[in-house]
Amino acid sequence: MSTASVPLPNWINYGLIPILNLTVAFLISGFVVWLIGESPLDALSLLIQGALGNGEGIGFTLYYATSFIFTGLSVAVAIHAGLFNIGSEGQAYLGGLGCALVALALDRYVPWYVTMPIAVIGAGLFGAAWAFIPAFLQAKRGSHIVITTIMFNYIGAALMVYLLVHVLIVPGKMAPETRTFLQGGQLPKLGWVMQLFGAKLGAAPFNVSFIIALVVSYLVWLLVWRTKLGFEMRTLGVSPTAAAYAGIPYARTVIIAMLLSGALAGMMALNPVMGSSARLQVEFVGGAGFVGIAVSLMGRNHPLGIIMAAILFGILYQGGDWISFEMPNITREMILVIQGLVILFAGALEYMFRPAIVRLYQQFKRG
Amino acid sequence: ADVKPALVYGTGGKFDKSFNEAAYNGAEKFKTETGIAYRDFEPTGDTQGEQAIRNFASRGFNPVVAVSFAWTSAIEKVAAEFPDTKFIIVDSVVDKPNVRSVVYKEEEGSYLVGVLAGMASKTGKVGFVGGMDIPLIRKFECGYEQGARSVKADIEVFQNMTGTTGAAWNDPVRGGELAKNQIDQGADVVYAAAGATGLGVLQTAADNKKLSIGVDSNQNHLHPGSVLTSMVKRVDLAVYNAYNDTKNDKFTGGVQALGVKEDGVGAAIDDNNKSLITPEMQAAVDKAKADIIAGTVKVHDYTSDNACPK
Amino acid sequence: MTDKPAIELVGIDKKFGAVHANKDINLSVAKGTIHGIIGENGAGKSTLMSIIYGFYHADSGEILVNGNPVTIRDSQAAIATGIGMVHQHFMLVDNFTVLENIMLGAEGGMLLARGVASARAELKRLETEYGLEVDPDALIEELPVGLQQRVEILKAMYRGAEILILDEPTGVLTPAEADHLFRILKVLRDQGKTIILITHKLREIMAITDTVSVMRRGEMVATRKTAETTVEELAELMVGRRVLLRVQKGEANPGAAVLSVRNLTVKDNRGVTMVDNVSFDVRAGEIVGIAGVAGNGQSELLEAIAGIRKPTSGEILLDGQTIDKADPARLRDLGLAHIPEDRHHMGLVLKFEEYENSVLGYHRHPAYSKGPLLDLEAIRKDAMEKIERYDIRPPNPRLKTANFSGGNQQKIVVAREIERDPKMLIIGQPTRGVDIGAIEFIHRRIIEMRDAGKAILLVSVELDEIRSLSDRILVMFAGHVVGEKTPDAGEQTLGLMMAGIAA
Amino acid sequence: MDYYDILINVLSSTIRLSIPLIFTALAGLFSERAGIFDIGLEGKMLGSAFAAACVAYLTDSAWLGLGAGILCSVALSLVHGFASITNRGNQIVSGVAINFFIAGITIVLGQAWFGQGGRTPQLSPDSRFARIILPGADAARDIPIVGPLYANVISGNNILTYLAFLAVPFSWWVLYRTRFGLRLRAVGENPGAVDTAGISVAWLRYRAVMCAGILCGFAGTYLAIAQSAAFIKDMSAGKGYIALAALVFAKWKPVPVMFACLLFGFLDALANFMQGKQVPLIGEVPVQVFQALPYVLTCVLLAGFIGVATPPKAGGVPYTKER
Ligand SMILES: Nc1ncnc2c1ncn2[C@@H]1O[C@H](COP(=O)(O)OP(=O)(O)OP(=O)(O)O)[C@@H](O)[C@H]1O
Ligand SMILES: Nc1ncnc2c1ncn2[C@@H]1O[C@H](COP(=O)(O)OP(=O)(O)OP(=O)(O)O)[C@@H](O)[C@H]1O
Ligand SMILES: [Mg+2]
Ligand SMILES: [Mg+2]
C-alpha cells in the first residue's frame, strides 16, 4: 500500500517533517566542516554568536532576512498560481533600477519618507515589467515559465551591467555604480527598534524596508487567502481544469500573478539599494532571488513560514560571514553549501522521510 | 606604538599570483621581520568588503589595509566611523585624515614593459588583455602602448577587456580566449593586466609558444621562457610600509603616488627571463627608466583626460 | 487442454490509502472463454486487472495461471506468463510510429535494426490472421482512437499473449468499431485465447461473453454464465438493489425557449470535429435529455454551452441573447448553472476545503464578497446551510473536499449549482459513481427545478436515467443529433438510434 | 588582416567555446528526453571541472582527471535521480539545490585543500589535454581557403574537442537506433507505456541521468584541464544555462543541438572579437548584446515565432502509479 495519501496531522506536516529535513541538511553541512578539519560545533556556535550574539549581528541578520522575505514572497505568490518563477533574481535586479531612478531623481528635493513610497512603486513596477514577458509567453504561447524566467535572469543581468557601465556610472569613477544617494534617497536605519531591546545596531544596515517587508507579508497573506483574486490564483494553481470550469480567465490570472510576483521581487531592491549601500551597484542582488526559492519552500509558501525561513537564512548569511571571518579555513561559500542542502532536503527530498513517519505514526496510533 | 595589523584583499583572492599576492607578500615580510602577526580576509563579493573592514576596525585592528579600488566607498564610510584607526587604501584616493591612499603610476611601469614588448615582437603586433574595463586598466594599456611605440613607431597593439564587472578579475578562461584571438591575429607578445584572469593569458601564450607579460607581482616564474617580464607594482611595499610606519609612529595620511622613481613600479628581470632579454633590450629599459626619472620622457596618464594619445 | 482455469485469483486485496479498491477477491476464468467483468465506476475493476498485469501489487492474495501459482512482480513477468492487457487509458507513445510502439519492450536485441524486419513480418502475420490491419509506419497521434486501440491489441498479441485483458475497450468506439472489435475477439477465443473484458455496458456483456462477474464497491459479488442470466439481474447485482427506473414526476409545463443552440460545431483538443452542426431548444420548465454512447460529442456540446470550449461555428442563445464570447463567469451571471461530468477535475478542487468549493465559480457574487475580499463569514454560513439541506456528510465545511466520498462530493456540486437560482441548468452525468440514496435525492432536486420553471439540459450515458428524468430526448451519434423522441420510446428504439442505425 | 582570416579566427574560437556547450546540451538531451528536467547541468559541469582539476593535479594524468570529472558528475546525477525518480521530488528544485551545493562546495574544499581562494594549483602540461596538430596541418596552411581552415580550425584542438563532435552522431545513434534509445524516448513521452511494456521506468531514467552525468563530466573536464590549466571558482559561469537554452532551441534533437551550441559559441566568439570595434551604421556594439543574444533567441523561439518547441510530454512530472 502506498503511504503518499495517508493524511498526517498538521504538527507533523508543518512541524516535524520540515525540522527533520533541516536537521539532515545541517548534519551534512557539519560533516563538510569536519571534513576540512574544523569543529562543526565551534562553527555552529560561531554561527549563532555572529548572527544573534549582539545587536549588530542581529541587525545584519534581519537586514539579510528582509531581502529574503521579499524574494520568498515573490516565489510563493507565483507558486500559489501554479507557476515556478525562477526569475526573482532578475526581477529584483531590475527592481533596483526602478528604485534607484526614483532615488536619483528625488533625493535632493524631498525627505526619505516622500521618496520611499514612490521608490516602492518604482521598484515594484520595474520588477513586474521584467516578469511580464515570461508571464505573457506562458499565458498566451504556452512557453515554459521556468525556462523563460531563467533566460530573463541572464538578459536582465546583461541589461543592468550595460546600463551601469555605460549610462548610470559616475564619469571618471572606476566602479560601475551610480552616485551615492543623498539623505532623501536613503532609508533610515531601525536603530530605535534595537534600542527597545537594549541592543545597539552598530553599523548594521537594518532599515525601514524590514517594516515594509512585514506589511507586504500581511498583504500577501490577505491576497492569497482572503481575496477573490487570491482564490482564483489558488484554484488555477491546484486545478487548471476546475479554474476553466469556474470561469477564471487563465491568461489574465497567470499574468497578474506573475506581475505581483515580479513586483515583490523588485521591492527587494529597496533593502540593499536604498537601505544599505545608498547606490545601485552591479550584482547587488547577490543570489537573494534564488534564496527566495529555498525560503518559500521551507516556509511552505505561507507568509508566516516565509518570515521564519527568511530569518533562518538571514542567520545563515550573517553567521556564515562571521564563521568565515573567524575560521579562515571555512570560506563564506559554506553558506551556499548549506543553502543547497536545505533546498535539497526541504524541497526536492521533502517526502523522503514521509513513508517512515507514516508507518511510525500508524503504529503509534494503533499501539 | 601598538600595531595590530589587518589586511583586506580584493576579490581576486589572496593567491592570484598577482595583485593580491603582492599585498600578502608585504604582510608576510612584515611578519617575519617583526614577529607581529596580522589578520587578513578575502572577500568573495563586493558587499563583504565593507563588513570585513568594519569588523577589523571595531575589534581594534590598526592599521587596516584595503587593497583594491573596490573598497573606496567602504573605507570612506568606515574611516569616518573609526577616526582613531588608521586605514590604507591601495589604488584609490580617499580624502580623510586617518586614511593613507597609495596609488601607482602604472603608466610608467607599463611603458617599460611596453618597450620590452616592442623590441621582442617579431611580427610587429603585440596584445593587451585587461581585466575589468575601468579607467585604471586603460591606464596600464595606454602606458604599454606608448612604450611599445617608442621603440617601434608602427607597432600594432591589440587590446581587449575581459569584462565589465568584478568577475572579470577572475575569469582565466575568457582571458585565455582573448589572448588566443590576439595571437591568431598575429600578436607575439601579450600583456595581461587582469588579476587572476591573467593566469589564463599567460597559460595561453605559453601553450602557443608566444611571449607574455605578467602584472603586479613578479610572474616570471610561472612559465619560464614564455613570460617576457612582469610589470611589478609594489603593493607589498604599500602594505609593509603601512605596518612599519604605524609601528614606528610615522603613519601619515594623504596620497602617495608611487612611480618608477620611487621604485613603486618597474619591469622585473630575473633568472627566469634572463634568456629572453637581450643586452639591447636591457639597455633600452634602463634608458627609458632613467628618462622617466629625469623627466625627459613624460608618460601620458590615461586617467588625467580619459584618453590615450595615438 | 486441461480443465485448469487460465487464471485464478484467490483472496486479492488492495488499498490505495484510505480507499479499499479490492476486497478479498476470488475469481476463476476458464481457458478459451470470454469472461466479462462489470461494475459501476470505481468498483475496482481496473485495479484488479492491473494487479493481474503486474502494474499494481496486491496487498495480499494469490494469482494462479493454468493452475500454477505465479508471482507477478511487474508487467514483464505478466507478459512472460502470457498475459496481455489493453488499458482503459491507452499506454501508447503518441509521437512514435505503430511499429515502434509495438516493439517497445520487445525489441529483439540491443540494436533496433535487427528487430525491425522480424517485427514487420510478425505484424503482417497478425494482420492476416486476426484482421488487425494498421499501417505500421503511421504515427499514433495521427490515428483515430479505434485504430489506436487496435495497436494496443497488437502489442499484446505481438508479445504472445494467451490471456488478453481489455479494460473498457468500447467506451471510445463507435458501434461499428465495437462490432469489429467483437468479431476480432471471437476469432481470438476460437483460437484458444482467453479474454477478460471489462465494461459497464450490459448489452455488450450479453452479446459476447461466455461468463460474467459482477463487482461492487471493491467486492466480487457474483459470477454467472451469460446464457443463464438477464440484463435485469446483472443491473441489480451491480448497484446492489432493484434499480429504480421511474422517478415520480408530474406533467411538464414548458414555457418559452431559454436556451437555443443553432448550427453549433465544436472541435476537441486534437482538432477533431466532435459536434457537427447541431441545433435544438430547451424551454423553461422542461428537461431535455441527451442520450448517446460516451464520446459521441456530448461532453464537447456541454462544454461549449457552458463557455469552457470555444465553438468553431454556430450560435448559442440564452434568453434570445447571443452568447458571443465564451466566458463561464459571465454565463453564470446570466443565470446558467453547470453541473459538470467530471467532478474531480472540473466541478471541485479536491485540495480545497468544502466551503471554498461551495462557492467555486460564484466567488465573485456580491453575496460572497466585500470589495476585493471574500466574505468568509457569509460563505461559511451559506456552506453550512447547504450541507444541512443536502445532507452532506460529514457536516464540516472546513474539511478537505478530497476527504468526502464520491456521492457527497457530487452533492456539494449539485447544491452549489442549484442554490443560486439559475434560469438554465446544464447537467452532465449527475449520478456517476453515486450511491442509490444520493441518486434519488439528486433526481428529486432536478425535478423540483423543472417544476420551478427552470430549463434543464441533461446528458447521461445511463439510458435509464435519461428516460426517467427527461421530458424530451435527443439522441446524439457521431456529433449529430440523429433524432428526438419522447421518454416512452422503447429502449430498443433509442438503442438503435444511439448506435447510429436508425433515426 | 583580410576578412577570411578574421572568419577563420572567429571560427576557431567558436569551436573552443562551443565544446562545453555541446557536451552539456547533449547531457541535458539524454536526461530531458527521458522526462527528467535538468537545470543542474551547470552544477554538474562545475563539479566535474573541480574534480578533474584536483585529480589531474594530484596524479599528473589528464585521463585520470577526466575519470574523476565523470565520476563526480555521475554522482551528482544520481543525487538528482534519487530526489526526482526515487523520491518523486520536484526536478527543478533538485537541480537548483545541486547548483547551489556545487557552487559552494568547490570553493570551500578548494580553499581548504589548496588555500588559493578556491582555485586549484596550476597544472603542468602533462596533466592537461594538449593540442593535437593533425598531420599536414603546417604544410596545408598556405593552401588558399581550405588550408587555414584545416590548419587553424580543424587541427590544433585537444582530444575532447574531437570527442564532442563524435558524441553528436553517437548520441543520435543511441537515441534513434538502439533499444535503449527507443525506451529512453518513450519514457519521456509516456512512462506508463514503458511500464506496461514490462520495463522499469525508474532504472531506465536512472540510466538516462547517468548518461547525462557522463557527458557533463566531459564538459567540466574540458573547462578545467583542456581549455584552462586549473579550476577557478564559478568557472562554468552560466554555461549550463546556455546549454539548456541551446537544448530548447534545438527542440531536444541531437544534431540541431550541435548547431545551436555552435551558434551560441559563435555569438560568444563574436562578442570577444567585436570588442572595441565599430560596426558600420551602429557603432560599437556592447558585449552585453552578444551575452544576452542566446537567451533572447531562445525566448523568441519559445514564443513560437520560429517553429514550436514542444518538450517531452512527461518531462518534469514524477512518475507515480499509485496516488
Ligand atoms: N492509482 C490509484 N491511486 C489511488 N486510488 C486509486 C488509484 N486507482 C484507482 N483508485 C481508486 O480505487 C477505486 C477503484 O478504482 P478502479 O479504477 O479500479 O475502478 P473501476 O471499477 O475501474 O472504475 P471505472 O469504471 O470508473 O473505470 C476508486 O475509488 C479509485 O478512486
Ligand atoms: N482522490 C481521493 N483522495 C483522497 N481520499 C479519497 C479520494 N477518493 C476517495 N477518498 C477517500 O475514500 C473514501 C471512500 O471514497 P469513495 O469515493 O470510494 O466512497 P464511496 O464508498 O464510493 O462513497 P459514495 O457512495 O458516497 O460514492 C472517502 O471517504 C474519502 O475519504
Ligand atoms: Mg476502470
Ligand atoms: Mg463512490
# chains A, B, ... in the order shown; residues from 1 in each chain; ligands from 1

$ closest_atom_pairs --of "chain B" --to "chain D" --cutoff "7 Å" --atoms "only C-alpha atoms" --output "tab-separated table"
residue	atom	partner	partner_atom	distance
B:Gly13	CA	D:Gly117	CA	5.1
B:Lys14	CA	D:Gly117	CA	6.3
B:Phe15	CA	D:Gln116	CA	4.9
B:Asn160	CA	D:Gln275	CA	6.7
B:Val173	CA	D:Ser228	CA	6.0
B:Leu178	CA	D:Asn272	CA	6.6
B:Asn181	CA	D:Asn9	CA	6.7
B:Asp184	CA	D:Asn9	CA	6.2
B:Gly200	CA	D:Ser228	CA	6.6

$ write_last_selection --atoms "N, CA and C atoms" --output "short mmCIF file (atom, residue, chain, number, x, y, z; two decimals), in the first residue's frame"
data_model
loop_
_atom_site.label_atom_id
_atom_site.label_comp_id
_atom_site.auth_asym_id
_atom_site.auth_seq_id
_atom_site.Cartn_x
_atom_site.Cartn_y
_atom_site.Cartn_z
N GLY B 13 41.17 37.19 -4.78
CA GLY B 13 41.64 36.14 -3.89
C GLY B 13 43.12 36.32 -3.57
N LYS B 14 43.48 35.83 -2.38
CA LYS B 14 44.82 36.05 -1.86
C LYS B 14 45.91 35.53 -2.79
N PHE B 15 45.68 34.32 -3.34
CA PHE B 15 46.75 33.72 -4.14
C PHE B 15 46.49 33.86 -5.64
N ASN B 160 42.02 44.03 -25.48
CA ASN B 160 40.72 43.51 -25.08
C ASN B 160 40.55 43.63 -23.58
N VAL B 173 39.50 31.69 -18.19
CA VAL B 173 39.05 31.06 -19.42
C VAL B 173 38.87 32.10 -20.51
N LEU B 178 40.72 35.42 -25.14
CA LEU B 178 41.05 36.72 -25.71
C LEU B 178 42.50 36.73 -26.19
N ASN B 181 42.80 34.87 -29.40
CA ASN B 181 42.34 35.71 -30.51
C ASN B 181 43.45 36.63 -30.98
N ASP B 184 46.11 34.73 -32.70
CA ASP B 184 45.66 34.37 -34.04
C ASP B 184 45.75 35.55 -34.99
N GLY B 200 45.25 32.86 -17.18
CA GLY B 200 44.82 32.23 -18.41
C GLY B 200 45.55 32.80 -19.61
#

$ interface_residues --of "chain A" --to "chain D" --cutoff "8 Å" --atoms "only C-alpha atoms" --output "CSV table (one decimal) with N, CA and C atoms, in the first residue's frame"
chain,number,residue,atom,x,y,z
A,2,SER,N,0.5,2.2,-0.8
A,2,SER,CA,1.3,3.4,-0.8
A,2,SER,C,0.9,4.3,0.4
A,4,ALA,N,1.5,7.6,0.4
A,4,ALA,CA,1.5,9.0,0.0
A,4,ALA,C,0.2,9.7,0.4
A,5,SER,N,-0.9,8.9,0.4
A,5,SER,CA,-2.2,9.6,0.5
A,5,SER,C,-2.7,9.5,2.0
A,36,ILE,N,36.9,19.4,6.4
A,36,ILE,CA,38.0,20.3,6.2
A,36,ILE,C,38.8,20.6,7.5
A,137,LEU,N,4.3,35.1,-22.3
A,137,LEU,CA,4.6,33.9,-23.1
A,137,LEU,C,4.0,32.6,-22.5
A,141,ARG,N,1.3,31.8,-25.1
A,141,ARG,CA,2.0,31.0,-26.0
A,141,ARG,C,2.4,29.6,-25.4
A,142,GLY,N,2.1,29.4,-24.2
A,142,GLY,CA,2.4,28.2,-23.5
A,142,GLY,C,3.9,27.9,-23.4
A,143,SER,N,4.8,28.9,-23.4
A,143,SER,CA,6.2,28.7,-23.2
A,143,SER,C,6.4,28.4,-21.7
A,144,HIS,N,7.3,27.5,-21.5
A,144,HIS,CA,7.5,27.0,-20.1
A,144,HIS,C,8.2,28.2,-19.3
A,147,ILE,N,11.9,28.0,-18.0
A,147,ILE,CA,12.9,28.3,-19.0
A,147,ILE,C,13.0,29.8,-19.3
A,148,THR,N,11.8,30.4,-19.5
A,148,THR,CA,11.8,31.8,-19.9
A,148,THR,C,12.3,32.7,-18.7
A,150,ILE,N,14.5,31.8,-16.4
A,150,ILE,CA,15.9,31.6,-16.4
A,150,ILE,C,16.6,32.5,-17.4
A,151,MET,N,16.0,32.5,-18.6
A,151,MET,CA,16.6,33.3,-19.7
A,151,MET,C,16.6,34.8,-19.3
A,152,PHE,N,15.4,35.2,-18.7
A,152,PHE,CA,15.3,36.6,-18.4
A,152,PHE,C,16.2,37.0,-17.3
A,154,TYR,N,19.3,36.1,-17.2
A,154,TYR,CA,20.6,36.5,-17.8
A,154,TYR,C,20.4,37.7,-18.7
A,155,ILE,N,19.3,37.8,-19.3
A,155,ILE,CA,19.0,39.1,-20.2
A,155,ILE,C,19.1,40.3,-19.2
A,158,ALA,N,22.6,41.2,-18.2
A,158,ALA,CA,23.3,41.9,-19.3
A,158,ALA,C,22.8,43.3,-19.4
A,159,LEU,N,21.5,43.5,-19.3
A,159,LEU,CA,21.0,44.8,-19.4
A,159,LEU,C,21.5,45.8,-18.3
A,161,VAL,N,24.1,45.5,-16.4
A,161,VAL,CA,25.5,45.8,-16.5
A,161,VAL,C,25.8,46.8,-17.6
A,162,TYR,N,25.1,46.7,-18.7
A,162,TYR,CA,25.2,47.7,-19.7
A,162,TYR,C,24.9,49.0,-19.2
A,329,ASN,N,39.7,29.1,7.3
A,329,ASN,CA,39.7,27.8,6.6
A,329,ASN,C,38.3,27.6,5.9
A,330,ILE,N,37.3,28.1,6.6
A,330,ILE,CA,35.9,27.9,6.0
A,330,ILE,C,35.6,29.2,5.3
A,331,THR,N,35.4,29.2,4.0
A,331,THR,CA,35.1,30.4,3.3
A,331,THR,C,33.6,30.6,3.4
A,332,ARG,N,33.2,31.8,3.0
A,332,ARG,CA,31.9,32.2,3.1
A,332,ARG,C,31.0,31.3,2.2
A,333,GLU,N,31.5,30.7,1.2
A,333,GLU,CA,30.7,29.9,0.3
A,333,GLU,C,30.1,28.7,1.0
A,334,MET,N,30.5,28.5,2.3
A,334,MET,CA,29.9,27.4,3.1
A,334,MET,C,28.4,27.7,3.1
A,335,ILE,N,28.0,28.9,3.1
A,335,ILE,CA,26.6,29.2,3.1
A,335,ILE,C,25.9,28.6,1.9
A,336,LEU,N,26.5,28.7,0.7
A,336,LEU,CA,25.9,28.1,-0.5
A,336,LEU,C,25.7,26.6,-0.3
A,337,VAL,N,26.7,26.0,0.3
A,337,VAL,CA,26.6,24.5,0.6
A,337,VAL,C,25.4,24.2,1.4
A,338,ILE,N,25.3,25.0,2.5
A,338,ILE,CA,24.1,24.7,3.4
A,338,ILE,C,22.8,25.0,2.7
A,339,GLN,N,22.8,26.1,1.9
A,339,GLN,CA,21.7,26.5,1.2
A,339,GLN,C,21.3,25.4,0.2
A,340,GLY,N,22.2,24.9,-0.5
A,340,GLY,CA,21.9,23.8,-1.4
A,340,GLY,C,21.3,22.6,-0.7
A,341,LEU,N,21.9,22.3,0.4
A,341,LEU,CA,21.4,21.1,1.1
A,341,LEU,C,20.0,21.3,1.7
A,342,VAL,N,19.8,22.6,2.1
A,342,VAL,CA,18.4,22.9,2.7
A,342,VAL,C,17.4,22.7,1.5
A,343,ILE,N,17.8,23.3,0.4
A,343,ILE,CA,16.8,23.2,-0.8
A,343,ILE,C,16.6,21.7,-1.1
A,344,LEU,N,17.7,21.0,-1.1
A,344,LEU,CA,17.6,19.6,-1.5
A,344,LEU,C,16.7,18.8,-0.5
A,347,GLY,N,13.2,20.7,0.0
A,347,GLY,CA,12.4,20.8,-1.3
A,347,GLY,C,12.3,19.5,-2.0
A,348,ALA,N,13.4,19.2,-2.7
A,348,ALA,CA,13.3,18.0,-3.6
A,348,ALA,C,13.1,16.7,-2.9
A,349,LEU,N,13.7,16.6,-1.7
A,349,LEU,CA,13.6,15.3,-0.9
A,349,LEU,C,12.6,15.4,0.2
A,350,GLU,N,11.6,16.4,0.1
A,350,GLU,CA,10.7,16.6,1.2
A,350,GLU,C,9.9,15.4,1.6
A,351,TYR,N,9.7,14.4,0.7
A,351,TYR,CA,8.9,13.3,1.0
A,351,TYR,C,9.8,12.1,1.5
A,352,MET,N,11.1,12.3,1.6
A,352,MET,CA,12.0,11.2,1.8
A,352,MET,C,11.6,10.5,3.1

$ atom_distance --atom1 "atom 7 (C, counted along the ligand's line) of ligand 1" --atom2 "CA of Arg224 in chain C"
27.3 Å

$ closest_atom_pairs --of "chain C" --to "chain A" --cutoff "10 Å" --atoms "only C-alpha atoms" --output "tab-separated table"
residue	atom	partner	partner_atom	distance
C:Lys14	CA	A:Met1	CA	7.3
C:Lys15	CA	A:Met1	CA	6.0
C:Phe16	CA	A:Met1	CA	6.2
C:Gly17	CA	A:Ser5	CA	5.3
C:Ala18	CA	A:Val6	CA	7.0
C:Val19	CA	A:Ser5	CA	9.7
C:Tyr56	CA	A:Met1	CA	9.6
C:His57	CA	A:Met1	CA	8.2
C:Ala58	CA	A:Met1	CA	8.1
C:Asp59	CA	A:Met1	CA	6.4
C:Glu303	CA	A:Tyr245	CA	8.6
C:Ala306	CA	A:Tyr245	CA	8.1
C:Gly307	CA	A:Gly247	CA	8.1
C:Ile308	CA	A:Tyr245	CA	6.1
C:Arg309	CA	A:Ala244	CA	9.2
C:Ala326	CA	A:Gly247	CA	9.3
C:Asp327	CA	A:Gly247	CA	6.1
C:Pro328	CA	A:Gly247	CA	4.4
C:Ala329	CA	A:Gly247	CA	4.5
C:Arg330	CA	A:Gly247	CA	7.9
C:Leu331	CA	A:Gly247	CA	8.8
C:Arg332	CA	A:Gly247	CA	8.6
C:His338	CA	A:Tyr245	CA	8.8
C:Ile339	CA	A:Tyr245	CA	9.8
C:Pro340	CA	A:Tyr245	CA	8.2
C:Asp342	CA	A:Ala242	CA	9.6
C:Arg343	CA	A:Ala242	CA	8.8
C:His344	CA	A:Ala242	CA	8.4
C:His345	CA	A:Ala242	CA	5.8
C:Met346	CA	A:Ala242	CA	4.0
C:Gly347	CA	A:Ala242	CA	6.1
C:Leu348	CA	A:Ala242	CA	6.3
C:Val349	CA	A:Ser239	CA	6.3
C:Leu350	CA	A:Ser239	CA	8.6
C:Lys351	CA	A:Val238	CA	7.4
C:Phe352	CA	A:Thr235	CA	8.4
C:Glu356	CA	A:Phe231	CA	8.5
C:Asn357	CA	A:Thr235	CA	9.7
C:Val359	CA	A:Ala246	CA	9.5
C:Leu360	CA	A:Ala246	CA	6.1
C:Gly361	CA	A:Ala246	CA	4.0
C:Tyr362	CA	A:Ala246	CA	7.8
C:His363	CA	A:Lys228	CA	6.6
C:Arg364	CA	A:Lys228	CA	6.6
C:His365	CA	A:Lys228	CA	9.9
C:Tyr368	CA	A:Lys228	CA	9.5
C:Ser369	CA	A:Lys228	CA	7.7
C:Lys370	CA	A:Thr227	CA	9.0
C:Gly371	CA	A:Thr227	CA	8.8
C:Pro372	CA	A:Thr227	CA	5.7
C:Leu373	CA	A:Thr227	CA	4.0
C:Leu374	CA	A:Thr227	CA	5.1
C:Asp375	CA	A:Arg226	CA	8.1
C:Leu376	CA	A:Arg226	CA	7.8
C:Asn403	CA	A:Pro7	CA	9.7

$ residues_near_ligand --ligand "ligand 3" --cutoff "7 Å" --atoms "only C-alpha atoms and all ligand atoms" --output "compact mmCIF listing (two decimals) with N, CA and C atoms, in the first residue's frame"
# COMPACT_ATOMS: atom_id res chain seq x y z
N ASN C 41 -18.68 2.69 -11.86
CA ASN C 41 -17.42 3.42 -11.79
C ASN C 41 -16.85 3.29 -10.40
N GLY C 42 -15.58 3.05 -10.35
CA GLY C 42 -14.92 2.99 -9.05
C GLY C 42 -15.14 1.69 -8.31
N GLY C 44 -13.64 -1.01 -8.80
CA GLY C 44 -12.35 -1.65 -8.57
C GLY C 44 -11.95 -2.59 -9.70
N LYS C 45 -12.60 -2.48 -10.84
CA LYS C 45 -12.32 -3.39 -11.95
C LYS C 45 -10.91 -3.17 -12.49
N SER C 46 -10.62 -1.92 -12.81
CA SER C 46 -9.31 -1.62 -13.40
C SER C 46 -8.19 -2.00 -12.43
N GLN C 88 -7.52 0.87 -20.00
CA GLN C 88 -8.62 1.81 -20.21
C GLN C 88 -8.08 3.11 -20.82
N ASP C 167 -9.73 -3.46 -20.91
CA ASP C 167 -10.40 -2.64 -19.91
C ASP C 167 -11.25 -1.58 -20.62

$ residues_around --residues "Glu219 in chain C" --least-positions-apart "2" --cutoff "8 Å" --atoms "only C-alpha atoms" --output "count of residues only"
10

$ residues_around --residues "Lys189 in chain A" --least-positions-apart "4" --cutoff "9 Å" --atoms "only C-alpha atoms" --output "list of chain:residue names"
A:Leu201, A:Ala204, A:Pro205, A:Phe206, A:Asn207, A:Val208, A:Gly275, A:Ser276

$ write_last_selection --atoms "all heavy atoms" --output "compact mmCIF listing (two decimals), in the first residue's frame"
# COMPACT_ATOMS: atom_id res chain seq x y z
N LEU A 201 22.54 48.82 17.30
CA LEU A 201 22.53 48.38 15.91
C LEU A 201 23.92 48.41 15.31
O LEU A 201 24.25 47.62 14.42
CB LEU A 201 21.58 49.27 15.12
CG LEU A 201 21.35 48.90 13.67
CD1 LEU A 201 20.85 47.48 13.55
CD2 LEU A 201 20.36 49.86 13.04
N ALA A 204 25.06 47.89 11.30
CA ALA A 204 24.20 47.01 10.51
C ALA A 204 23.18 47.82 9.73
O ALA A 204 22.59 48.75 10.27
CB ALA A 204 23.50 46.02 11.43
N PRO A 205 22.98 47.47 8.48
CA PRO A 205 22.07 48.26 7.64
C PRO A 205 20.61 47.86 7.79
O PRO A 205 19.85 47.94 6.84
CB PRO A 205 22.59 47.96 6.23
CG PRO A 205 23.19 46.61 6.32
CD PRO A 205 23.69 46.43 7.72
N PHE A 206 20.24 47.42 8.96
CA PHE A 206 18.86 47.03 9.23
C PHE A 206 17.99 48.28 9.13
O PHE A 206 18.17 49.23 9.89
CB PHE A 206 18.81 46.43 10.62
CG PHE A 206 17.44 46.07 11.11
CD1 PHE A 206 16.57 45.34 10.31
CD2 PHE A 206 17.03 46.43 12.39
CE1 PHE A 206 15.32 45.00 10.78
CE2 PHE A 206 15.79 46.08 12.86
CZ PHE A 206 14.92 45.37 12.04
N ASN A 207 17.08 48.31 8.19
CA ASN A 207 16.41 49.57 7.88
C ASN A 207 14.91 49.41 7.70
O ASN A 207 14.35 48.32 7.83
CB ASN A 207 17.03 50.18 6.63
CG ASN A 207 16.82 49.28 5.44
OD1 ASN A 207 15.76 49.28 4.84
ND2 ASN A 207 17.83 48.48 5.12
N VAL A 208 14.31 50.54 7.36
CA VAL A 208 12.85 50.63 7.29
C VAL A 208 12.23 49.59 6.34
O VAL A 208 11.07 49.21 6.50
CB VAL A 208 12.48 52.06 6.85
CG1 VAL A 208 11.04 52.15 6.40
CG2 VAL A 208 12.73 53.02 7.99
N GLY A 275 18.47 51.04 1.39
CA GLY A 275 18.61 50.84 2.82
C GLY A 275 20.04 50.63 3.26
O GLY A 275 20.39 50.87 4.40
N SER A 276 20.89 50.18 2.35
CA SER A 276 22.24 49.86 2.78
C SER A 276 23.30 50.65 2.02
O SER A 276 23.92 51.55 2.56
CB SER A 276 22.48 48.36 2.62
OG SER A 276 23.82 48.06 2.85

$ residues_around --residues "Gln48 in chain B" --least-positions-apart "5" --cutoff "12 Å" --atoms "only C-alpha atoms" --output "ChimeraX atom specification"
/A:60,277,284,286,317-318,320-322,324-325,331-333 /B:8-11,41-43,53-55,70-71,74

$ residues_around --residues "Cys211 in chain D" --least-positions-apart "6" --cutoff "12 Å" --atoms "only C-alpha atoms" --output "number ranges by chain"
D: 23-34, 70-71, 73-78, 81, 167, 171, 174-175, 180-181, 184, 204-205, 217-218

$ atom_distance --atom1 "CA of Asp263 in chain B" --atom2 "CA of Ala120 in chain B"
23.8 Å

$ closest_atom_pairs --of "chain A" --to "chain B" --cutoff "7 Å" --atoms "only C-alpha atoms" --output "JSON lines"
{"residue": "A:Val165", "atom": "CA", "partner": "B:Thr164", "partner_atom": "CA", "distance": 6.9}
{"residue": "A:Met174", "atom": "CA", "partner": "B:Ile134", "partner_atom": "CA", "distance": 5.3}
{"residue": "A:Ala175", "atom": "CA", "partner": "B:Ala70", "partner_atom": "CA", "distance": 6.7}
{"residue": "A:Val282", "atom": "CA", "partner": "B:Thr165", "partner_atom": "CA", "distance": 7.0}
{"residue": "A:Phe325", "atom": "CA", "partner": "B:Phe41", "partner_atom": "CA", "distance": 6.8}
